[in-house]
Amino acid sequence: MRYLFSFVVLSLFMACSEPVPSSSGTNPASPGQTPAVETASVRDDSSTDSDWPFGYMAAVANPYATEAAAEILAQGGHAVDAAIAAHTVLGLVEPESSGLGGGGFMVVYQQDDKQVKFYDGRETAPAGATIDMFMRDGSELGFFEAKESGRAVGVPGAVALYKLAHDAHGKLPWAAVFQPAIRLANEGFVVTGKMANFLSGFRQYTMLDEFEGSAEYFYPGGEPLQAGDFLRNPEYAATLTRVAEEGAQAFYSGEIAEAIVTAVQAEPNPGTLTMEDIANYQAVARDAVCGDWRELQICSATPPSSGAMQIMVANIYDGLVTEDSPLMEKVQAFVDAQRLAYADRDYYFGDPDRVDVPLEQLLNTDYLNYRSENPIPPADMPTHGDPAAILGNGTAAVWMEDSTAEPAGTTHYSIVDDDGNAVSVTMTVESIFGSARWAAGFVLNNQLTDFARVYDPDEPEAANAVRPSARPRSSMSPTIVLDSNDDLYMVTGSPGGNSIPAYTAKTILGIVDWNLSVAEAISFPNIIARGQAVHVETGMQPGAEVASYLQEAGYVVEESQGENSGLHVILVHEDRLEGGADPRREGTVLARTPQDQ
Ligand code: GLU
């Protein structure tokens, strides 16, 4: 098992140096294993006058964090309050995926005015970042050297994101939402298999067992923590207590910020991050990107992230199928839609405050129809389109082709509160344990490796080039789908690096068009079509059938075993909520109906 695990980790990181990365990820379960999807269903048989009769539900990536969300929801908290509680616990029990040292994106549905809001807590590069900071002597730094360098660390956005969203939506006092995590960090928790597997399987590649703070915490006495070990993190509790009592600025100044700067500026390959960079950090409220699909409206994370791909994929897909197409034809259409949408995403998306992302044109119905009508032959490398030319609006910007890999180290959770407000949140430290550098009780991100790391002075810049104080492009796609009355219909999203748009779109198409339940849609094989090869998860049924169907149709198919999705989905039926947690990770679903109260 240990050998197998190391192999999977190695595949993941070897993939990073390839032009178009393998989607293979790491999975605490054995490849091929198909544990049951954790689900919950909440039926409404109460006669309440409330606009929202279904109670609450939380689908989160770790049982401690699901419980923290439920605790806050039971106190009457808004979904945003529960989201902060869940995430501060995830940062403790699942630090390989996300935490205070990272950032993320939150989409919020506010039930009373039926508005969808979007909050961008993406990390920013320091003012001293340079376009070639991941190059040496004309070649790209090796992935691990870059990942665990100080140069990879962006200013963490999580705490500022909490503050922005809490100010706009929170119902419970700011300090209250931190209490579950402070309590758990002080009292202790049991280490799970996922964290422990990474600590041993990943050790030979990382400096996590060398950096001060990380080494003592994760490798006490020089040995990796094991599943079942009991762990406390009083340093994390102290940091959270300061943020709870003094406010978000306690994170962006003073001792916590100093600890971050010290860790980033440490050898090897120190970064330029300063106290000023940290103090200048702003989370941003942007318009969510929303687009029609059939009678539904899909709302997701706008650039610098890639939520718009959900709208692109669904609409291109519709141009390639009919209602009566058999499932395998529909899967093929899903593959073609992804190939086209990924090619456009890879070429055009970057920090919207720094480059002009032609989002309206890319989502224009005529352009999407044009893309459906001109699929790329199966064995060919998909190429980006030129929406400006197709729509008669001039020509597109010229960028360098960018196939930056984003290895997986992220978490996604979906929450609906007692009033029918919802959050879809994806948070990340980028790769497993981020930069492996430790500050004030948590690991720091390596998010800046999500920029196009390759720089060639003789080529045009990439849209996603490293720029001072900019945000790197992301694949994270926290998504909320509304029905034709703008009522909540679905909350979905996943971790998984570059594969996130594919994972997430599978749940939308699966539930709406392939008549799958939430559990079936989550468990359906992951199929990722970015670049020339199509990755098909053959350990889940009907993965083998999909792989041979696509092969016969002429696609370059790579069978993938360790898909690292972490889909957490909530679906609103006419009379109930249905939720599911991905069996490929450790998540759970908790719910309470009005009559349980
Ligand atoms: N850093 C990636 C992104 O922002 C996410 C990595 C992951 O999902 O594991 O898209």
# chains A, B, ... in the order shown; residues from 1 in each chain; ligands from 1
>>> residues_near_ligand(ligand="ligand 1", cutoff="8 Å", atoms="only C-alpha atoms and all ligand atoms", output="ChimeraX atom specification")
/A:97,104,305,406-411,428-432,447,450,472-476,494-500
>>> residues_around(residues="A:Phe189", least_positions_apart="3", cutoff="7 Å", atoms="only C-alpha atoms", output="ChimeraX atom specification")
/A:184,230-232
>>> write_last_selection(atoms="all heavy atoms", output="compact mmCIF listing (two decimals), in the first residue's frame")
# COMPACT_ATOMS: atom_id res chain seq x y z
N LEU A 184 -11.61 23.10 19.28
CA LEU A 184 -11.03 21.85 18.77
C LEU A 184 -9.49 21.91 18.76
O LEU A 184 -8.82 20.92 19.07
CB LEU A 184 -11.56 21.59 17.36
CG LEU A 184 -11.42 20.18 16.82
CD1 LEU A 184 -12.21 19.18 17.66
CD2 LEU A 184 -11.92 20.12 15.36
N PHE A 230 -3.74 11.59 18.28
CA PHE A 230 -4.50 12.70 18.84
C PHE A 230 -3.61 13.95 18.78
O PHE A 230 -2.44 13.89 19.16
CB PHE A 230 -4.86 12.37 20.30
CG PHE A 230 -5.92 13.25 20.84
CD1 PHE A 230 -7.23 13.15 20.39
CD2 PHE A 230 -5.61 14.20 21.80
CE1 PHE A 230 -8.22 13.98 20.89
CE2 PHE A 230 -6.60 15.04 22.31
CZ PHE A 230 -7.90 14.92 21.85
N LEU A 231 -4.14 15.04 18.26
CA LEU A 231 -3.29 16.20 17.97
C LEU A 231 -3.95 17.48 18.47
O LEU A 231 -5.16 17.68 18.31
CB LEU A 231 -3.10 16.28 16.44
CG LEU A 231 -2.10 17.27 15.88
CD1 LEU A 231 -0.68 16.99 16.39
CD2 LEU A 231 -2.11 17.21 14.34
N ARG A 232 -3.14 18.34 19.09
CA ARG A 232 -3.61 19.68 19.47
C ARG A 232 -2.79 20.71 18.70
O ARG A 232 -1.65 20.44 18.32
CB ARG A 232 -3.40 19.93 20.97
CG ARG A 232 -4.26 19.08 21.87
CD ARG A 232 -4.15 19.57 23.33
NE ARG A 232 -5.01 18.77 24.16
CZ ARG A 232 -4.66 17.59 24.69
NH1 ARG A 232 -3.44 17.11 24.48
NH2 ARG A 232 -5.50 16.92 25.44
>>> atom_distance(atom1="atom CA of A:Arg294", atom2="atom CA of A:Val321")
13.2 Å
>>> residues_around(residues="A:Leu482", least_positions_apart="4", cutoff="6 Å", atoms="only C-alpha atoms", output="mmCIF file with C-alpha atoms, in the first residue's frame")
data_model
loop_
_atom_site.group_PDB
_atom_site.id
_atom_site.type_symbol
_atom_site.label_atom_id
_atom_site.label_comp_id
_atom_site.auth_asym_id
_atom_site.auth_seq_id
_atom_site.Cartn_x
_atom_site.Cartn_y
_atom_site.Cartn_z
ATOM 1 C CA LEU A 296 -31.664 27.320 -15.289
ATOM 2 C CA GLN A 297 -29.117 29.967 -14.423
ATOM 3 C CA ASP A 486 -34.353 32.442 -9.368
ATOM 4 C CA ASP A 487 -34.895 30.042 -6.489
ATOM 5 C CA LEU A 488 -32.042 27.890 -5.239
ATOM 6 C CA TYR A 489 -31.657 24.656 -7.204
#
>>> closest_residue(among="A:Leu448, A:Val153, A:Leu172, A:Ala70", to="A:Ile278", atoms="only C-alpha atoms")
A:Val153
>>> atom_distance(atom1="atom CA of A:Leu208", atom2="atom CA of A:Thr262")
16.2 Å
>>> closest_residue(among="A:Asp417, A:Glu461, A:Asp456, A:Asp167", to="A:Ile72", atoms="only C-alpha atoms")
A:Asp417
>>> atom_distance(atom1="atom CA of A:Trp438", atom2="atom CA of A:Ala259")
8.4 Å
>>> residues_around(residues="A:Asn315", least_positions_apart="2", cutoff="12 Å", atoms="only C-alpha atoms", output="VMD selection string")
chain A and resid 291 to 298 308 to 313 317 to 321 333 to 334 336 to 338 340 to 341 362 to 373 505 508 to 509
>>> write_last_selection(atoms="N, CA and C atoms", output="short mmCIF file (atom, residue, chain, number, x, y, z; two decimals), in the first residue's frame")
data_model
loop_
_atom_site.label_atom_id
_atom_site.label_comp_id
_atom_site.auth_asym_id
_atom_site.auth_seq_id
_atom_site.Cartn_x
_atom_site.Cartn_y
_atom_site.Cartn_z
N GLY A 291 -24.90 32.69 -16.17
CA GLY A 291 -25.32 32.50 -17.55
C GLY A 291 -26.47 31.53 -17.63
N ASP A 292 -27.31 31.72 -18.62
CA ASP A 292 -28.46 30.84 -18.79
C ASP A 292 -28.04 29.51 -19.36
N TRP A 293 -28.68 28.49 -18.90
CA TRP A 293 -28.57 27.16 -19.52
C TRP A 293 -29.94 26.50 -19.37
N ARG A 294 -30.58 26.25 -20.51
CA ARG A 294 -31.97 25.77 -20.49
C ARG A 294 -32.78 26.74 -19.63
N GLU A 295 -33.62 26.17 -18.71
CA GLU A 295 -34.42 27.08 -17.89
C GLU A 295 -33.68 27.51 -16.64
N LEU A 296 -32.43 27.06 -16.51
CA LEU A 296 -31.66 27.32 -15.29
C LEU A 296 -30.70 28.49 -15.49
N GLN A 297 -30.16 28.97 -14.36
CA GLN A 297 -29.12 29.97 -14.42
C GLN A 297 -27.93 29.45 -13.60
N ILE A 298 -26.78 29.37 -14.25
CA ILE A 298 -25.58 28.86 -13.57
C ILE A 298 -24.75 30.06 -13.14
N ALA A 308 -16.70 30.41 -15.10
CA ALA A 308 -17.42 30.65 -16.36
C ALA A 308 -17.41 29.40 -17.24
N MET A 309 -16.44 28.53 -17.02
CA MET A 309 -16.39 27.29 -17.82
C MET A 309 -17.65 26.45 -17.62
N GLN A 310 -18.30 26.58 -16.46
CA GLN A 310 -19.53 25.79 -16.23
C GLN A 310 -20.59 26.20 -17.25
N ILE A 311 -20.65 27.48 -17.53
CA ILE A 311 -21.65 28.00 -18.48
C ILE A 311 -21.23 27.62 -19.91
N MET A 312 -19.94 27.72 -20.18
CA MET A 312 -19.44 27.38 -21.52
C MET A 312 -19.68 25.90 -21.82
N VAL A 313 -19.27 25.04 -20.89
CA VAL A 313 -19.39 23.59 -21.13
C VAL A 313 -20.86 23.21 -21.33
N TYR A 317 -22.20 21.84 -24.88
CA TYR A 317 -22.74 20.47 -24.80
C TYR A 317 -24.13 20.40 -25.45
N ASP A 318 -24.97 21.38 -25.13
CA ASP A 318 -26.34 21.34 -25.68
C ASP A 318 -26.37 21.41 -27.19
N GLY A 319 -25.34 22.02 -27.77
CA GLY A 319 -25.28 22.08 -29.23
C GLY A 319 -24.86 20.76 -29.85
N LEU A 320 -24.46 19.79 -29.02
CA LEU A 320 -23.90 18.54 -29.55
C LEU A 320 -24.78 17.33 -29.27
N VAL A 321 -25.86 17.51 -28.52
CA VAL A 321 -26.71 16.36 -28.16
C VAL A 321 -28.17 16.69 -28.41
N ALA A 333 -20.13 14.22 -25.97
CA ALA A 333 -20.40 15.66 -26.11
C ALA A 333 -19.80 16.44 -24.94
N PHE A 334 -19.87 15.85 -23.75
CA PHE A 334 -19.27 16.47 -22.57
C PHE A 334 -17.76 16.64 -22.79
N ASP A 336 -16.16 16.84 -25.73
CA ASP A 336 -15.91 17.86 -26.75
C ASP A 336 -16.11 19.27 -26.18
N ALA A 337 -17.15 19.42 -25.37
CA ALA A 337 -17.42 20.74 -24.78
C ALA A 337 -16.27 21.16 -23.87
N GLN A 338 -15.77 20.22 -23.10
CA GLN A 338 -14.64 20.53 -22.21
C GLN A 338 -13.39 20.92 -23.00
N LEU A 340 -13.05 22.32 -25.81
CA LEU A 340 -13.16 23.68 -26.34
C LEU A 340 -13.10 24.72 -25.22
N ALA A 341 -13.82 24.45 -24.15
CA ALA A 341 -13.88 25.44 -23.07
C ALA A 341 -12.53 25.57 -22.36
N LEU A 362 -16.91 35.40 -24.75
CA LEU A 362 -16.76 33.94 -24.61
C LEU A 362 -18.07 33.28 -24.22
N LEU A 363 -18.95 34.04 -23.55
CA LEU A 363 -20.23 33.47 -23.10
C LEU A 363 -21.37 33.83 -24.04
N ASN A 364 -21.06 34.55 -25.09
CA ASN A 364 -22.10 34.94 -26.06
C ASN A 364 -22.67 33.68 -26.75
N THR A 365 -23.99 33.62 -26.83
CA THR A 365 -24.64 32.42 -27.39
C THR A 365 -24.15 32.12 -28.81
N ASP A 366 -23.98 33.16 -29.63
CA ASP A 366 -23.53 32.91 -31.00
C ASP A 366 -22.15 32.29 -31.02
N TYR A 367 -21.30 32.77 -30.12
CA TYR A 367 -19.95 32.20 -30.06
C TYR A 367 -19.99 30.75 -29.57
N LEU A 368 -20.79 30.50 -28.54
CA LEU A 368 -20.86 29.12 -28.01
C LEU A 368 -21.46 28.19 -29.06
N ASN A 369 -22.44 28.67 -29.81
CA ASN A 369 -23.00 27.85 -30.89
C ASN A 369 -21.95 27.57 -31.96
N TYR A 370 -21.17 28.60 -32.26
CA TYR A 370 -20.10 28.42 -33.25
C TYR A 370 -19.13 27.33 -32.77
N ARG A 371 -18.79 27.38 -31.49
CA ARG A 371 -17.86 26.37 -30.96
C ARG A 371 -18.47 24.97 -31.06
N SER A 372 -19.77 24.83 -30.73
CA SER A 372 -20.42 23.50 -30.84
C SER A 372 -20.40 23.00 -32.28
N GLU A 373 -20.58 23.95 -33.20
CA GLU A 373 -20.68 23.54 -34.61
C GLU A 373 -19.31 23.23 -35.23
N ALA A 505 -18.67 20.29 -13.57
CA ALA A 505 -19.63 20.22 -14.69
C ALA A 505 -20.29 18.84 -14.75
N ILE A 508 -23.39 18.87 -12.69
CA ILE A 508 -24.52 19.63 -13.26
C ILE A 508 -25.16 18.84 -14.41
N LEU A 509 -24.34 18.37 -15.34
CA LEU A 509 -24.90 17.59 -16.46
C LEU A 509 -25.50 16.28 -15.94
#
>>> residues_around(residues="stretch 464-468 of chain A", least_positions_apart="4", cutoff="12 Å", atoms="only C-alpha atoms", output="PyMOL selection string")
chain A and resi 124-135+151-152+154-155+272-273+277+303-305+345-357+399-404+447-457+459-460+472-474
>>> select_by_dssp(residues="stretch 437-491 of chain A", states="strand (DSSP E)", output="JSON, numbers by chain")
{"A": [438, 439, 442, 443, 479, 480, 481, 482, 488, 489, 490, 491]}
>>> write_last_selection(atoms="N, CA, C and O atoms", output="JSON list (two decimals), in the first residue's frame")
[["chain", "number", "residue", "atom", "x", "y", "z"],
["A", 438, "TRP", "N", 5.75, 27.32, 7.53],
["A", 438, "TRP", "CA", 4.85, 27.42, 8.70],
["A", 438, "TRP", "C", 4.89, 28.81, 9.31],
["A", 438, "TRP", "O", 5.96, 29.39, 9.46],
["A", 439, "ALA", "N", 3.73, 29.33, 9.67],
["A", 439, "ALA", "CA", 3.68, 30.60, 10.39],
["A", 439, "ALA", "C", 2.47, 30.59, 11.32],
["A", 439, "ALA", "O", 1.36, 30.26, 10.88],
["A", 442, "PHE", "N", -0.09, 27.52, 11.17],
["A", 442, "PHE", "CA", -0.66, 27.01, 9.90],
["A", 442, "PHE", "C", 0.39, 27.02, 8.80],
["A", 442, "PHE", "O", 1.40, 27.71, 8.92],
["A", 443, "VAL", "N", 0.13, 26.24, 7.72],
["A", 443, "VAL", "CA", 1.07, 26.26, 6.59],
["A", 443, "VAL", "C", 0.69, 27.38, 5.62],
["A", 443, "VAL", "O", -0.48, 27.74, 5.49],
["A", 479, "THR", "N", -20.06, 26.82, -7.37],
["A", 479, "THR", "CA", -21.17, 27.12, -8.29],
["A", 479, "THR", "C", -22.51, 27.00, -7.59],
["A", 479, "THR", "O", -22.73, 26.08, -6.79],
["A", 480, "ILE", "N", -23.41, 27.92, -7.92],
["A", 480, "ILE", "CA", -24.80, 27.85, -7.45],
["A", 480, "ILE", "C", -25.70, 27.94, -8.67],
["A", 480, "ILE", "O", -25.53, 28.83, -9.52],
["A", 481, "VAL", "N", -26.62, 27.00, -8.77],
["A", 481, "VAL", "CA", -27.54, 26.97, -9.91],
["A", 481, "VAL", "C", -28.93, 27.37, -9.41],
["A", 481, "VAL", "O", -29.40, 26.87, -8.37],
["A", 482, "LEU", "N", -29.58, 28.27, -10.16],
["A", 482, "LEU", "CA", -30.93, 28.73, -9.79],
["A", 482, "LEU", "C", -31.94, 28.19, -10.80],
["A", 482, "LEU", "O", -31.59, 27.92, -11.95],
["A", 488, "LEU", "N", -33.21, 28.76, -5.34],
["A", 488, "LEU", "CA", -32.04, 27.89, -5.24],
["A", 488, "LEU", "C", -32.35, 26.51, -5.80],
["A", 488, "LEU", "O", -33.37, 25.90, -5.45],
["A", 489, "TYR", "N", -31.46, 25.99, -6.63],
["A", 489, "TYR", "CA", -31.66, 24.66, -7.20],
["A", 489, "TYR", "C", -30.51, 23.71, -6.85],
["A", 489, "TYR", "O", -30.72, 22.57, -6.45],
["A", 490, "MET", "N", -29.27, 24.18, -6.98],
["A", 490, "MET", "CA", -28.14, 23.28, -6.71],
["A", 490, "MET", "C", -26.94, 24.09, -6.19],
["A", 490, "MET", "O", -26.72, 25.22, -6.62],
["A", 491, "VAL", "N", -26.21, 23.47, -5.28],
["A", 491, "VAL", "CA", -24.95, 24.05, -4.80],
["A", 491, "VAL", "C", -23.89, 22.99, -5.06],
["A", 491, "VAL", "O", -24.01, 21.85, -4.59]]
>>> closest_residue(among="A:Gly221, A:Gly150, A:Glu563, A:Asn515", to="A:Thr538", atoms="only C-alpha atoms")
A:Glu563
>>> residues_around(residues="A:Ile522", least_positions_apart="4", cutoff="10 Å", atoms="only C-alpha atoms", output="ChimeraX atom specification")
/A:37,503-504,506-508,510-511,516-518,526,565-569,580-584
>>> write_last_selection(atoms="N, CA, C and O atoms", output="PDB file, in the first residue's frame")
ATOM      1  N   VAL A  37     -21.219   6.731  -1.338  1.00  0.00           N
ATOM      2  CA  VAL A  37     -21.311   8.181  -1.195  1.00  0.00           C
ATOM      3  C   VAL A  37     -22.068   8.468   0.082  1.00  0.00           C
ATOM      4  O   VAL A  37     -23.084   7.848   0.369  1.00  0.00           O
ATOM      5  N   TYR A 503     -14.812  18.183 -13.026  1.00  0.00           N
ATOM      6  CA  TYR A 503     -15.507  17.513 -11.922  1.00  0.00           C
ATOM      7  C   TYR A 503     -16.865  18.182 -11.665  1.00  0.00           C
ATOM      8  O   TYR A 503     -17.888  17.526 -11.487  1.00  0.00           O
ATOM      9  N   THR A 504     -16.817  19.500 -11.603  1.00  0.00           N
ATOM     10  CA  THR A 504     -18.028  20.240 -11.224  1.00  0.00           C
ATOM     11  C   THR A 504     -19.093  20.138 -12.319  1.00  0.00           C
ATOM     12  O   THR A 504     -20.275  19.893 -12.036  1.00  0.00           O
ATOM     13  N   LYS A 506     -19.550  17.815 -14.376  1.00  0.00           N
ATOM     14  CA  LYS A 506     -20.122  16.455 -14.375  1.00  0.00           C
ATOM     15  C   LYS A 506     -21.349  16.390 -13.464  1.00  0.00           C
ATOM     16  O   LYS A 506     -22.338  15.713 -13.780  1.00  0.00           O
ATOM     17  N   THR A 507     -21.299  17.088 -12.320  1.00  0.00           N
ATOM     18  CA  THR A 507     -22.468  17.019 -11.422  1.00  0.00           C
ATOM     19  C   THR A 507     -23.661  17.758 -12.020  1.00  0.00           C
ATOM     20  O   THR A 507     -24.806  17.329 -11.867  1.00  0.00           O
ATOM     21  N   ILE A 508     -23.392  18.872 -12.693  1.00  0.00           N
ATOM     22  CA  ILE A 508     -24.519  19.635 -13.265  1.00  0.00           C
ATOM     23  C   ILE A 508     -25.157  18.844 -14.408  1.00  0.00           C
ATOM     24  O   ILE A 508     -26.380  18.638 -14.438  1.00  0.00           O
ATOM     25  N   GLY A 510     -24.805  15.644 -14.996  1.00  0.00           N
ATOM     26  CA  GLY A 510     -25.270  14.353 -14.485  1.00  0.00           C
ATOM     27  C   GLY A 510     -26.638  14.447 -13.846  1.00  0.00           C
ATOM     28  O   GLY A 510     -27.523  13.626 -14.100  1.00  0.00           O
ATOM     29  N   ILE A 511     -26.817  15.470 -13.031  1.00  0.00           N
ATOM     30  CA  ILE A 511     -28.096  15.597 -12.325  1.00  0.00           C
ATOM     31  C   ILE A 511     -29.190  16.096 -13.264  1.00  0.00           C
ATOM     32  O   ILE A 511     -30.304  15.578 -13.287  1.00  0.00           O
ATOM     33  N   LEU A 516     -29.252  11.474 -13.046  1.00  0.00           N
ATOM     34  CA  LEU A 516     -28.574  10.827 -11.924  1.00  0.00           C
ATOM     35  C   LEU A 516     -28.990  11.488 -10.610  1.00  0.00           C
ATOM     36  O   LEU A 516     -29.299  12.683 -10.576  1.00  0.00           O
ATOM     37  N   SER A 517     -28.981  10.693  -9.548  1.00  0.00           N
ATOM     38  CA  SER A 517     -29.166  11.272  -8.220  1.00  0.00           C
ATOM     39  C   SER A 517     -27.881  12.014  -7.855  1.00  0.00           C
ATOM     40  O   SER A 517     -26.849  11.877  -8.548  1.00  0.00           O
ATOM     41  N   VAL A 518     -27.912  12.755  -6.754  1.00  0.00           N
ATOM     42  CA  VAL A 518     -26.698  13.442  -6.309  1.00  0.00           C
ATOM     43  C   VAL A 518     -25.577  12.421  -6.096  1.00  0.00           C
ATOM     44  O   VAL A 518     -24.444  12.604  -6.556  1.00  0.00           O
ATOM     45  N   ASN A 526     -14.945  10.315 -13.132  1.00  0.00           N
ATOM     46  CA  ASN A 526     -14.474  11.632 -13.559  1.00  0.00           C
ATOM     47  C   ASN A 526     -13.866  11.524 -14.946  1.00  0.00           C
ATOM     48  O   ASN A 526     -13.127  10.579 -15.245  1.00  0.00           O
ATOM     49  N   SER A 565     -11.221  14.221  -6.918  1.00  0.00           N
ATOM     50  CA  SER A 565     -12.337  15.153  -6.729  1.00  0.00           C
ATOM     51  C   SER A 565     -12.766  15.117  -5.266  1.00  0.00           C
ATOM     52  O   SER A 565     -12.475  14.167  -4.546  1.00  0.00           O
ATOM     53  N   GLY A 566     -13.441  16.158  -4.856  1.00  0.00           N
ATOM     54  CA  GLY A 566     -14.003  16.214  -3.502  1.00  0.00           C
ATOM     55  C   GLY A 566     -15.303  16.987  -3.628  1.00  0.00           C
ATOM     56  O   GLY A 566     -15.467  18.075  -3.102  1.00  0.00           O
ATOM     57  N   LEU A 567     -16.226  16.388  -4.406  1.00  0.00           N
ATOM     58  CA  LEU A 567     -17.487  17.062  -4.734  1.00  0.00           C
ATOM     59  C   LEU A 567     -18.405  17.055  -3.519  1.00  0.00           C
ATOM     60  O   LEU A 567     -18.639  15.997  -2.930  1.00  0.00           O
ATOM     61  N   HIS A 568     -18.903  18.216  -3.166  1.00  0.00           N
ATOM     62  CA  HIS A 568     -19.885  18.302  -2.070  1.00  0.00           C
ATOM     63  C   HIS A 568     -21.062  19.097  -2.605  1.00  0.00           C
ATOM     64  O   HIS A 568     -20.915  20.270  -2.945  1.00  0.00           O
ATOM     65  N   VAL A 569     -22.188  18.390  -2.703  1.00  0.00           N
ATOM     66  CA  VAL A 569     -23.298  18.897  -3.524  1.00  0.00           C
ATOM     67  C   VAL A 569     -24.596  18.897  -2.708  1.00  0.00           C
ATOM     68  O   VAL A 569     -24.855  17.963  -1.942  1.00  0.00           O
ATOM     69  N   GLY A 580     -24.796  15.248  -0.944  1.00  0.00           N
ATOM     70  CA  GLY A 580     -23.840  14.154  -1.087  1.00  0.00           C
ATOM     71  C   GLY A 580     -22.408  14.617  -0.893  1.00  0.00           C
ATOM     72  O   GLY A 580     -22.074  15.765  -1.202  1.00  0.00           O
ATOM     73  N   ALA A 581     -21.590  13.697  -0.330  1.00  0.00           N
ATOM     74  CA  ALA A 581     -20.154  13.953  -0.135  1.00  0.00           C
ATOM     75  C   ALA A 581     -19.376  12.916  -0.927  1.00  0.00           C
ATOM     76  O   ALA A 581     -19.742  11.743  -0.966  1.00  0.00           O
ATOM     77  N   ASP A 582     -18.307  13.352  -1.532  1.00  0.00           N
ATOM     78  CA  ASP A 582     -17.545  12.505  -2.456  1.00  0.00           C
ATOM     79  C   ASP A 582     -16.862  11.341  -1.736  1.00  0.00           C
ATOM     80  O   ASP A 582     -16.107  11.564  -0.778  1.00  0.00           O
ATOM     81  N   PRO A 583     -17.087  10.100  -2.173  1.00  0.00           N
ATOM     82  CA  PRO A 583     -16.442   8.964  -1.514  1.00  0.00           C
ATOM     83  C   PRO A 583     -14.930   8.933  -1.738  1.00  0.00           C
ATOM     84  O   PRO A 583     -14.232   8.170  -1.095  1.00  0.00           O
ATOM     85  N   ARG A 584     -14.445   9.785  -2.642  1.00  0.00           N
ATOM     86  CA  ARG A 584     -12.996   9.797  -2.897  1.00  0.00           C
ATOM     87  C   ARG A 584     -12.271  10.568  -1.797  1.00  0.00           C
ATOM     88  O   ARG A 584     -11.050  10.590  -1.775  1.00  0.00           O
TER      89      ARG A 584
END
